[in-house]
Amino acid sequence: MQLTAAYRTMLRIRILEEKIIDCANRNLVVGFVHPYTGQEAIAAGVLAARRPDEWVVSFYRCHGHAVAAGLPLDGIVREVLGREGGVCGGKGGSMHLADRGRRFLGASSIVGSQLSVAAGVAMAERGTGRATVVFCGDGALGAGVSYETLTISATLGLPLLLVCEDNGWQDQTRSELVRHRTPAQLVDGLGLDHVEVDGNDVAAVHRAAETLLTRCRRERRPQVLVARTYLRHYHAQVGGARPPEYRPAEEVAYWRARDPLDIAAAAADVPDPWLAEARAEIEREVDQVFAAALAAPPPDVATAATNVTAAPLPAAVPAVTAVAR
Amino acid sequence: MQLTAAYRTMLRIRILEEKIIDCANRNLVVGFVHPYTGQEAIAAGVLAARRPDEWVVSFYRCHGHAVAAGLPLDGIVREVLGREGGVCGGKGGSMHLADRGRRFLGASSIVGSQLSVAAGVAMAERGTGRATVVFCGDGALGAGVSYETLTISATLGLPLLLVCEDNGWQDQTRSELVRHRTPAQLVDGLGLDHVEVDGNDVAAVHRAAETLLTRCRRERRPQVLVARTYLRHYHAQVGGARPPEYRPAEEVAYWRARDPLDIAAAAADVPDPWLAEARAEIEREVDQVFAAALAAPPPDVATAATNVTAAPLPAAVPAVTAVAR
Amino acid sequence: MSRHPVGTTVRTALTEQPDLHMFCTYQQDDLIELFGADRMVRLPIAENAMVGMAVGMALVGRRVLVSIARVAFLFTAFDPLINQATKWRYMSDGQYQVPLVIRGLTRGDEHLGAQHEHSAHSLLSQIPGLVVAVPGSPNSAAGLLATALTHPDPVVVLESPRLYTPDWQQLPEPEPTPAPLPFGVAGRALAGRDLTLVGIGNTVALCLRAARRLADHGLRCQVVDLRTAAPLDRDGTAELVAATGPVVLVDEEPRRSSLMCDLGMHLVQAGAVEPDRLAFVFGAAVPAPASPVLLAPLLPTVDDVVAAALGLVPTRSGGDGGRAGRLRPA
Amino acid sequence: MSRHPVGTTVRTALTEQPDLHMFCTYQQDDLIELFGADRMVRLPIAENAMVGMAVGMALVGRRVLVSIARVAFLFTAFDPLINQATKWRYMSDGQYQVPLVIRGLTRGDEHLGAQHEHSAHSLLSQIPGLVVAVPGSPNSAAGLLATALTHPDPVVVLESPRLYTPDWQQLPEPEPTPAPLPFGVAGRALAGRDLTLVGIGNTVALCLRAARRLADHGLRCQVVDLRTAAPLDRDGTAELVAATGPVVLVDEEPRRSSLMCDLGMHLVQAGAVEPDRLAFVFGAAVPAPASPVLLAPLLPTVDDVVAAALGLVPTRSGGDGGRAGRLRPA
Ligand SMILES: Cc1ncc(C[n+]2csc(CCOP(=O)(O)OP(=O)(O)O)c2C)c(N)n1
Ligand SMILES: Cc1ncc(C[n+]2csc(CCOP(=O)(O)OP(=O)(O)O)c2C)c(N)n1
Ligand SMILES: [Mg+2]
Ligand SMILES: [Mg+2]
């Protein structure tokens, strides 16, 4: 992995997310936003190690994963803003980005559920030499389905890489208050191969992901990467008002001082002008994407009831066509 | 615990279950039967250590737990045979024995579900100095709800004793085929206090249960007892035909040679006549119970729709009264 | 801004009932301070165990209010709801009761997509022994929750997010006070004698808005709020409807196995209304799309209700005999 | 004894479709031998992950048949059913399909009590995008499963244990062959022109038995097997019913939000039957007791159906206008 390329990926996520937050403040976003800011090194580092023919499965905090998986910003932004041309035609929205062509399977907004779905994908991929990557938050490890999936994956020998983004909080609850084991202790206790890593250091994340993905591809065993990190902003924004900070000021300050972009920039050891130019270039790109998206119409209302099923069955006329108006 | 008393409890369970199996062969049992034969030392040993004011929670294989918890044989048998006077009025049946007065909470036939119910009981009991005992099979540890319950119990410090009866099979599937960790490894990995014990040795079971229950009562931590054992007969009988043996003959023979009753008798070091007399006495008791039960009418049909809710609500007339016949 | 009546109901219950516990993945510090961490229990994202534990506590004499956050998350706890909470009283032949309340948000103007937006009242209404409360206004939410919190059996309260927006006080409020409301008794949200509009949850406000529009057509509508999907007040609604004649049954859920069909069938067979004077307005059998533009045609609108109503009244040369309603698909 | 048609359907599908996998907590050794452990996947008692994994496999081009054993256990997997299997096609705007079949036993003569005995067809019928097949006979089970195994969307097949007893060949068999049966198309299990009995699942055989009894009264009954609860063949049933007049709708599930009410309402509003010539026979809204004696009065019987039918036909001095049916409670 080129550190400069990783830096650019992270910067694209950061700038995209800040622009999305800005739109949320102006009530231009459909639904809630769960920004990825602060965790960029994880998506960038892990997905630089993933081969493009390997499936990626995400959860509601999916914008960063989508960008790092190579989805066009345009399709993401239009989906998030509810404009024509979104990757899911406006049906998925911010929490459910999906792009089959790029093997970005999609995202589930039910905590933990993406693990079992991803294990099914890994099951189908078993024997192909391809791994499957799934992301989750630290809170997701509380859910029974996560346990079921991990133990089944170990028993069946599924080539699954679980990336647990441990930001220490689950919504407004500090994770320590509702768990008796850290994520690393937990997967260790379950007898799973795993590595714990500084999730704000993209080089470290990438190295670990490479190791684990190589093992996934070669050996019949799931792997877990626990990446310690922190959200720069907040869990989620609902409507036009930024939520108040609910975390201790010192904790926020501590992590602000360890911003993954700063760490990557320092490690890449690139001159300031390079950074400035990268930022300017990406800002231009993102601005254009938003300008085009905001100028676009909403999705075509005639598609509201399409793709519920493959084709309407005899007794089930597609609903919307019959609405009396 | 007096070994002779424990032996008698085990013998009552054994004789009861064999008589129930006999009735099942003659199609006199309502529903399926999941006999406890072979595992008697666990119920007897654990529940001899439980105080009568402590709740016990069971699962579908519940007859042995019920006997050891002090339920009258009469109420059990009538429930299993579907006769008037059963502990649940005929509504629960073989898999759902319950006796509130004896703090035998009841049994759930959904694998794993009894754990969370029991944790709720333990939550209510926290701070009283009383423990709550819950039984499960080894297969139950595959269910997400078991994991959720154990981790929550550890986090909240619930006075819960989980007794896992590890008979090596889950229905007709050998447990090793569907798990990557033994029960003891698993709870160890989850960081839970636990003891593994020979489940066919009632003295050993009882000692371990005493230790763990004392800890439950004193410390704010759940405890797990893993008892290795084996079913003498089979998972379950459906209808009038005994199911064919699905387990390897050597395995069955190995365990038959380690029958918990024989082990207890040897340890108790009682003379043969004592054993013969105990058996005769209990057989008399059980025979009488069955004779009375089989002579009894079925439950009163007028009770079919009672106790669905506390009292019928305005718009919900009790159903059965309006059946047109 | 005054306190939301539901908040008051919850605090009052916590104060008055020392055996009442609250389970949630999040707990407010001030409530923990007031009532203790033993009662305000913070739990991981493990709804299955959460509801199962609530059942266990209830079985031994406590009462638990589970804030499941969203009904969408209740699907991960369907076993303890269907096979534990609503079964132990019966299976034990009345040895136990399970006084358990589960609150969760349904859907309304949040645009969160198919996994988060569910209403589920017809689905839940099929579970014997379960009360399914579906408040249509803030006071009704408070009143139904108050009743739930003294009810001896499990209750699910399905709350529209609309009841909790910053301008909840702008919502139509048919209930004069937040006082406890009985289960299984439909309420008259508006008096009128020309026709009846029946709603549940979100469609109560919709019916009230439609009634205002229909007033411009000279029609005085009665609006009925079903309040609980189970028990369903078939007879009470029939009585109310009988006084007016034409009736429009309005639900955001699709027609398939809807409680509105159950109710409609009763109204007809009880003689409260002729079948050609009864129309339905349903939502489409389509998952919730995130985009509001895509969502709009899938949900009943005031226009739909008005059109269905006008199709029934004799003033418009005989109406269309309920066709507007029957056009709505399965 | 000849092989059960469903067994043949499953083996044929496994042979013909190399991408078909089977998930279950138990696998027969001979099938593993034949098709390999990669396709015959043995799983722990973890239905939530089991169904979620099946969704994942289906999303990337496989097809999975999940043998959930009993519908009762599907409640522990309601999230992957309601929020994954039936949502990914729509949420992704058609990028994926989820060809997934879940088979499970419902209830019938097993006497296992409230937690094990569920039928759930009305409940499941409310989920948009889900096909709910409810076979009424062994051939119908084979035919519906065969269709399910080539269907591009999720299907739940609700099978009565009665279809699998040792004397399954004694059951009434309205379907001439185990050939694939279309979804959403009701079948005529018996031709007759005096009145129609409509059943689903277990009540198809019940209606056929009632028809035999009604023949003694000189009444030739048509019996309709709905076959799928979703899609529900409203129009097809209306056409069949229109030819006879009186109709009795019979279901073991309780009335509350029943698909039979949905259907009945349609029959009336489509003009296929007058409301006073339509009766319902429902099961009671009571959990299943273990005792057969307690269970009997809670389920519809041949007597109930016969009585309801006789109450509708004009031969008996006008009948009772459907009262028999309406007496059944919610
Ligand atoms: C089953 C379920 N329960 C509850 C929620 C509500 N919820 C959404 S995000 C969240 C916190 C998740 O925390 P974590 O897994 O640590 O991920 P993070 O948001 O911190 O990235 C909760 C409780 C949900 N989406 N699904
Ligand atoms: C959730 C659920 N899934 C499946 C079943 C069917 N079932 C009943 S017992 C059983 C095996 C359980 O094995 P184990 O926990 O080891 O207990 P044992 O029967 O060996 O005592 C299974 C799969 C069930 N009752 N509940
Ligand atoms: Mg987190
Ligand atoms: Mg076992």
# chains A, B, ... in the order shown; residues from 1 in each chain; ligands from 1
$ residues_around --residues "Arg61 in chain A" --least-positions-apart "3" --cutoff "10 Å" --atoms "only C-alpha atoms" --output "VMD selection string"
chain A and resid 33 to 37 58 64 to 66 94 to 97 107 to 109 135 to 137 235 to 236
$ write_last_selection --atoms "C-alpha atoms" --output "PDB file, in the first residue's frame"
ATOM      1  CA  VAL A  33     -26.306  10.304   9.252  1.00  0.00           C
ATOM      2  CA  HIS A  34     -23.718   8.180  11.033  1.00  0.00           C
ATOM      3  CA  PRO A  35     -20.460   9.872  10.094  1.00  0.00           C
ATOM      4  CA  TYR A  36     -17.261   7.898   9.726  1.00  0.00           C
ATOM      5  CA  THR A  37     -14.987  10.799  10.620  1.00  0.00           C
ATOM      6  CA  SER A  58     -20.805  -3.092   5.971  1.00  0.00           C
ATOM      7  CA  GLY A  64     -16.194   5.371   4.585  1.00  0.00           C
ATOM      8  CA  HIS A  65     -16.245   1.690   3.677  1.00  0.00           C
ATOM      9  CA  ALA A  66     -18.032   2.501   0.438  1.00  0.00           C
ATOM     10  CA  SER A  94     -27.386   6.618   4.041  1.00  0.00           C
ATOM     11  CA  MET A  95     -27.373   3.418   6.119  1.00  0.00           C
ATOM     12  CA  HIS A  96     -27.719   0.881   3.305  1.00  0.00           C
ATOM     13  CA  LEU A  97     -25.246   1.685   0.532  1.00  0.00           C
ATOM     14  CA  ALA A 107     -24.867  -2.489   4.617  1.00  0.00           C
ATOM     15  CA  SER A 108     -27.347  -3.575   7.232  1.00  0.00           C
ATOM     16  CA  SER A 109     -28.630  -1.218   9.875  1.00  0.00           C
ATOM     17  CA  PHE A 135     -17.076  -4.486   9.418  1.00  0.00           C
ATOM     18  CA  CYS A 136     -18.818  -3.966  12.732  1.00  0.00           C
ATOM     19  CA  GLY A 137     -18.745  -1.657  15.719  1.00  0.00           C
ATOM     20  CA  HIS A 235     -22.814   8.655  16.826  1.00  0.00           C
ATOM     21  CA  ALA A 236     -25.496  10.014  14.528  1.00  0.00           C
TER      22      ALA A 236
END
$ residues_around --residues "Cys164 in chain B" --least-positions-apart "4" --cutoff "9 Å" --atoms "only C-alpha atoms" --output "PyMOL selection string"
chain B and resi 134-138+140-141+183+224-228
$ residues_near_ligand --ligand "ligand 4" --cutoff "8 Å" --atoms "only C-alpha atoms and all ligand atoms" --output "PyMOL selection string"
chain B and resi 137-140+165-171+175
$ write_last_selection --atoms "N, CA, C and O atoms" --output "JSON list (two decimals), in the first residue's frame"
[["chain", "number", "residue", "atom", "x", "y", "z"],
["B", 137, "GLY", "N", -28.70, -27.89, 28.10],
["B", 137, "GLY", "CA", -27.89, -28.91, 27.44],
["B", 137, "GLY", "C", -26.65, -28.30, 26.84],
["B", 137, "GLY", "O", -26.48, -27.08, 26.84],
["B", 138, "ASP", "N", -25.76, -29.13, 26.32],
["B", 138, "ASP", "CA", -24.55, -28.58, 25.71],
["B", 138, "ASP", "C", -24.85, -27.89, 24.38],
["B", 138, "ASP", "O", -24.20, -26.91, 24.03],
["B", 139, "GLY", "N", -25.86, -28.39, 23.68],
["B", 139, "GLY", "CA", -26.22, -27.76, 22.41],
["B", 139, "GLY", "C", -26.70, -26.33, 22.60],
["B", 139, "GLY", "O", -26.57, -25.49, 21.70],
["B", 140, "ALA", "N", -27.26, -26.05, 23.76],
["B", 140, "ALA", "CA", -27.81, -24.72, 24.02],
["B", 140, "ALA", "C", -26.74, -23.64, 23.97],
["B", 140, "ALA", "O", -27.04, -22.47, 23.75],
["B", 165, "GLU", "N", -25.48, -29.48, 31.09],
["B", 165, "GLU", "CA", -25.44, -30.95, 31.09],
["B", 165, "GLU", "C", -24.91, -31.40, 29.73],
["B", 165, "GLU", "O", -25.64, -31.47, 28.76],
["B", 166, "ASP", "N", -23.61, -31.67, 29.71],
["B", 166, "ASP", "CA", -22.93, -31.95, 28.46],
["B", 166, "ASP", "C", -22.97, -33.44, 28.15],
["B", 166, "ASP", "O", -22.10, -34.20, 28.56],
["B", 167, "ASN", "N", -24.00, -33.83, 27.39],
["B", 167, "ASN", "CA", -24.14, -35.25, 27.03],
["B", 167, "ASN", "C", -23.58, -35.54, 25.65],
["B", 167, "ASN", "O", -23.79, -36.63, 25.10],
["B", 168, "GLY", "N", -22.89, -34.56, 25.07],
["B", 168, "GLY", "CA", -22.15, -34.81, 23.84],
["B", 168, "GLY", "C", -22.98, -34.84, 22.57],
["B", 168, "GLY", "O", -22.43, -34.94, 21.47],
["B", 169, "TRP", "N", -24.27, -34.75, 22.69],
["B", 169, "TRP", "CA", -25.16, -34.80, 21.53],
["B", 169, "TRP", "C", -26.19, -33.70, 21.63],
["B", 169, "TRP", "O", -26.57, -33.27, 22.73],
["B", 170, "GLN", "N", -26.64, -33.24, 20.48],
["B", 170, "GLN", "CA", -27.79, -32.34, 20.43],
["B", 170, "GLN", "C", -28.75, -32.95, 19.44],
["B", 170, "GLN", "O", -28.52, -32.93, 18.25],
["B", 171, "ASP", "N", -29.79, -33.52, 19.98],
["B", 171, "ASP", "CA", -30.68, -34.34, 19.18],
["B", 171, "ASP", "C", -29.82, -35.40, 18.49],
["B", 171, "ASP", "O", -29.00, -36.04, 19.17],
["B", 175, "SER", "N", -22.30, -33.26, 19.07],
["B", 175, "SER", "CA", -22.00, -31.85, 19.33],
["B", 175, "SER", "C", -20.65, -31.43, 18.74],
["B", 175, "SER", "O", -20.51, -30.30, 18.25]]
$ residues_around --residues "Thr196 in chain C" --least-positions-apart "3" --cutoff "10 Å" --atoms "only C-alpha atoms" --output "list in words"
Arg188, Leu190, Ala191, Gly192, Arg193, Gly199, Cys207, Ala211, Arg220, Cys221, Gln222, Val223, Val224, Thr237, Leu240, Val241, Ala242, Ala243, Thr244, Gly245, Pro246, Val247, Val248, Leu249, Leu278 and Ala309 of chain C
$ select_by_dssp --residues "range 44-206 of chain B" --states "helix (DSSP H, G or I)" --output "number ranges by chain"
B: 44-49, 63-68, 73-81, 100-102, 113-125, 139-142, 144-156, 175-178, 183-189, 202-206
$ write_last_selection --atoms "C-alpha atoms" --output "tab-separated table (two decimals), in the first residue's frame"
chain	number	residue	atom	x	y	z
B	44	ALA	CA	-29.86	-34.74	42.32
B	45	GLY	CA	-26.43	-33.33	43.12
B	46	VAL	CA	-27.11	-29.73	42.13
B	47	LEU	CA	-30.54	-29.43	43.67
B	48	ALA	CA	-29.44	-30.96	46.94
B	49	ALA	CA	-27.19	-27.91	47.19
B	63	HIS	CA	-38.67	-34.37	34.69
B	64	GLY	CA	-35.48	-35.07	36.61
B	65	HIS	CA	-35.07	-31.47	37.66
B	66	ALA	CA	-38.67	-31.37	38.79
B	67	VAL	CA	-38.33	-34.47	40.93
B	68	ALA	CA	-35.09	-33.27	42.47
B	73	LEU	CA	-44.61	-37.24	41.46
B	74	ASP	CA	-48.34	-37.18	41.18
B	75	GLY	CA	-48.46	-33.69	39.68
B	76	ILE	CA	-45.65	-34.52	37.28
B	77	VAL	CA	-47.12	-37.78	36.07
B	78	ARG	CA	-50.58	-36.37	35.61
B	79	GLU	CA	-49.16	-33.51	33.59
B	80	VAL	CA	-47.12	-35.86	31.41
B	81	LEU	CA	-50.03	-38.23	30.86
B	100	ARG	CA	-44.37	-21.85	41.52
B	101	GLY	CA	-44.94	-22.88	45.10
B	102	ARG	CA	-41.78	-24.98	45.09
B	113	SER	CA	-34.38	-19.31	26.02
B	114	GLN	CA	-34.47	-20.49	29.62
B	115	LEU	CA	-31.12	-18.84	30.24
B	116	SER	CA	-32.37	-15.31	29.70
B	117	VAL	CA	-35.54	-15.97	31.66
B	118	ALA	CA	-33.43	-17.29	34.53
B	119	ALA	CA	-31.11	-14.29	34.35
B	120	GLY	CA	-34.16	-12.08	34.82
B	121	VAL	CA	-35.07	-14.07	37.90
B	122	ALA	CA	-31.50	-13.74	39.17
B	123	MET	CA	-31.73	-10.01	38.55
B	124	ALA	CA	-34.82	-9.81	40.73
B	125	GLU	CA	-33.04	-11.92	43.36
B	139	GLY	CA	-26.22	-27.76	22.41
B	140	ALA	CA	-27.81	-24.72	24.02
B	141	LEU	CA	-24.43	-23.02	24.14
B	142	GLY	CA	-24.60	-22.60	20.37
B	144	GLY	CA	-26.89	-16.49	20.67
B	145	VAL	CA	-29.22	-15.95	23.57
B	146	SER	CA	-26.99	-18.09	25.80
B	147	TYR	CA	-24.02	-15.89	24.98
B	148	GLU	CA	-26.03	-12.72	25.51
B	149	THR	CA	-27.25	-13.98	28.85
B	150	LEU	CA	-23.86	-15.10	30.11
B	151	THR	CA	-22.11	-11.88	29.15
B	152	ILE	CA	-24.90	-9.75	30.61
B	153	SER	CA	-24.89	-11.81	33.79
B	154	ALA	CA	-21.15	-11.28	34.12
B	155	THR	CA	-21.46	-7.55	33.47
B	156	LEU	CA	-24.35	-7.02	35.88
B	175	SER	CA	-22.00	-31.85	19.33
B	176	GLU	CA	-18.36	-31.95	18.26
B	177	LEU	CA	-19.47	-31.64	14.65
B	178	VAL	CA	-21.07	-28.26	15.21
B	183	PRO	CA	-18.54	-26.06	26.89
B	184	ALA	CA	-15.79	-25.68	29.47
B	185	GLN	CA	-13.42	-24.02	27.00
B	186	LEU	CA	-16.20	-21.73	25.95
B	187	VAL	CA	-17.22	-20.44	29.36
B	188	ASP	CA	-13.58	-20.23	30.29
B	189	GLY	CA	-12.99	-18.12	27.22
B	202	VAL	CA	-23.40	-37.30	42.31
B	203	ALA	CA	-20.98	-36.55	45.13
B	204	ALA	CA	-18.68	-34.66	42.79
B	205	VAL	CA	-21.59	-32.77	41.26
B	206	HIS	CA	-22.88	-31.84	44.67
$ closest_residue --among "A:Gly112, A:Gly82, A:Pro312, A:Gly240" --to "chain B" --atoms "only C-alpha atoms"
A:Gly112
$ residues_around --residues "Asp153 in chain C" --least-positions-apart "2" --cutoff "7 Å" --atoms "only C-alpha atoms" --output "NGL selection string"
(:B and (309-310)) or (:C and (97-100 or 151 or 155))
$ closest_atom_pairs --of "chain D" --to "chain C" --cutoff "7 Å" --atoms "only C-alpha atoms" --output "JSON lines"
{"residue": "D:Phe75", "atom": "CA", "partner": "C:Asp79", "partner_atom": "CA", "distance": 5.0}
{"residue": "D:Thr76", "atom": "CA", "partner": "C:Asp79", "partner_atom": "CA", "distance": 5.1}
{"residue": "D:Phe78", "atom": "CA", "partner": "C:Phe75", "partner_atom": "CA", "distance": 5.3}
{"residue": "D:Asp79", "atom": "CA", "partner": "C:Phe75", "partner_atom": "CA", "distance": 5.0}
{"residue": "D:Asn83", "atom": "CA", "partner": "C:Gln115", "partner_atom": "CA", "distance": 5.2}
{"residue": "D:Lys87", "atom": "CA", "partner": "C:Ala114", "partner_atom": "CA", "distance": 6.5}
{"residue": "D:Met91", "atom": "CA", "partner": "C:Ala114", "partner_atom": "CA", "distance": 6.7}
{"residue": "D:Ala114", "atom": "CA", "partner": "C:Lys87", "partner_atom": "CA", "distance": 6.5}
{"residue": "D:Gln115", "atom": "CA", "partner": "C:Asn83", "partner_atom": "CA", "distance": 5.2}
{"residue": "D:Ser122", "atom": "CA", "partner": "C:Ser257", "partner_atom": "CA", "distance": 6.0}
{"residue": "D:Leu123", "atom": "CA", "partner": "C:Leu123", "partner_atom": "CA", "distance": 5.2}
{"residue": "D:Ser125", "atom": "CA", "partner": "C:Arg256", "partner_atom": "CA", "distance": 6.7}
{"residue": "D:Gln126", "atom": "CA", "partner": "C:Arg256", "partner_atom": "CA", "distance": 5.6}
{"residue": "D:Pro128", "atom": "CA", "partner": "C:Ala285", "partner_atom": "CA", "distance": 5.1}
{"residue": "D:Arg256", "atom": "CA", "partner": "C:Gln126", "partner_atom": "CA", "distance": 5.6}
{"residue": "D:Ser257", "atom": "CA", "partner": "C:Leu259", "partner_atom": "CA", "distance": 4.2}
{"residue": "D:Ser258", "atom": "CA", "partner": "C:Ser257", "partner_atom": "CA", "distance": 5.1}
{"residue": "D:Leu259", "atom": "CA", "partner": "C:Ser257", "partner_atom": "CA", "distance": 4.2}
{"residue": "D:Cys261", "atom": "CA", "partner": "C:Asp262", "partner_atom": "CA", "distance": 4.9}
{"residue": "D:Asp262", "atom": "CA", "partner": "C:Cys261", "partner_atom": "CA", "distance": 4.9}
{"residue": "D:Met265", "atom": "CA", "partner": "C:Met265", "partner_atom": "CA", "distance": 5.6}
{"residue": "D:Val268", "atom": "CA", "partner": "C:Pro275", "partner_atom": "CA", "distance": 6.9}
{"residue": "D:Gln269", "atom": "CA", "partner": "C:Pro275", "partner_atom": "CA", "distance": 6.1}
{"residue": "D:Pro275", "atom": "CA", "partner": "C:Gln269", "partner_atom": "CA", "distance": 6.1}
{"residue": "D:Asp276", "atom": "CA", "partner": "C:Gln269", "partner_atom": "CA", "distance": 6.8}
{"residue": "D:Ala285", "atom": "CA", "partner": "C:Pro128", "partner_atom": "CA", "distance": 5.1}
{"residue": "D:Val286", "atom": "CA", "partner": "C:Pro128", "partner_atom": "CA", "distance": 5.6}
{"residue": "D:Pro287", "atom": "CA", "partner": "C:Pro128", "partner_atom": "CA", "distance": 6.5}
$ select_by_dssp --residues "range 98-194 of chain D" --states "strand (DSSP E or B)" --output "PyMOL selection string"
chain D and resi 100-105+131-133+155-159+187-190
$ residues_around --residues "Arg279 in chain B" --least-positions-apart "3" --cutoff "10 Å" --atoms "only C-alpha atoms" --output "NGL selection string"
:B and (8 or 11-12 or 15 or 273-276 or 282-285)
$ write_last_selection --atoms "N, CA and C atoms" --output "compact mmCIF listing (two decimals), in the first residue's frame"
# COMPACT_ATOMS: atom_id res chain seq x y z
N ARG B 8 -31.53 -42.02 46.52
CA ARG B 8 -32.99 -42.20 46.45
C ARG B 8 -33.61 -41.22 45.44
N LEU B 11 -32.87 -42.52 42.07
CA LEU B 11 -33.64 -43.72 41.78
C LEU B 11 -35.11 -43.36 41.48
N ARG B 12 -35.60 -42.36 42.19
CA ARG B 12 -36.97 -41.94 41.91
C ARG B 12 -37.06 -41.41 40.48
N ILE B 15 -36.77 -44.48 38.01
CA ILE B 15 -37.96 -45.33 37.96
C ILE B 15 -39.13 -44.58 37.32
N PRO B 273 -29.37 -55.27 50.34
CA PRO B 273 -30.78 -55.26 50.75
C PRO B 273 -31.35 -53.85 50.84
N TRP B 274 -30.52 -52.92 51.29
CA TRP B 274 -30.98 -51.53 51.35
C TRP B 274 -31.38 -51.05 49.97
N LEU B 275 -30.50 -51.36 49.00
CA LEU B 275 -30.79 -50.95 47.62
C LEU B 275 -32.09 -51.58 47.13
N ALA B 276 -32.22 -52.86 47.40
CA ALA B 276 -33.41 -53.57 46.93
C ALA B 276 -34.66 -52.99 47.57
N ILE B 282 -39.75 -47.33 46.18
CA ILE B 282 -40.01 -46.29 45.17
C ILE B 282 -40.88 -46.84 44.05
N GLU B 283 -40.63 -48.08 43.67
CA GLU B 283 -41.48 -48.66 42.63
C GLU B 283 -42.93 -48.69 43.06
N ARG B 284 -43.13 -49.04 44.33
CA ARG B 284 -44.50 -49.02 44.85
C ARG B 284 -45.10 -47.62 44.73
N GLU B 285 -44.34 -46.65 45.19
CA GLU B 285 -44.81 -45.27 45.15
C GLU B 285 -45.16 -44.86 43.71
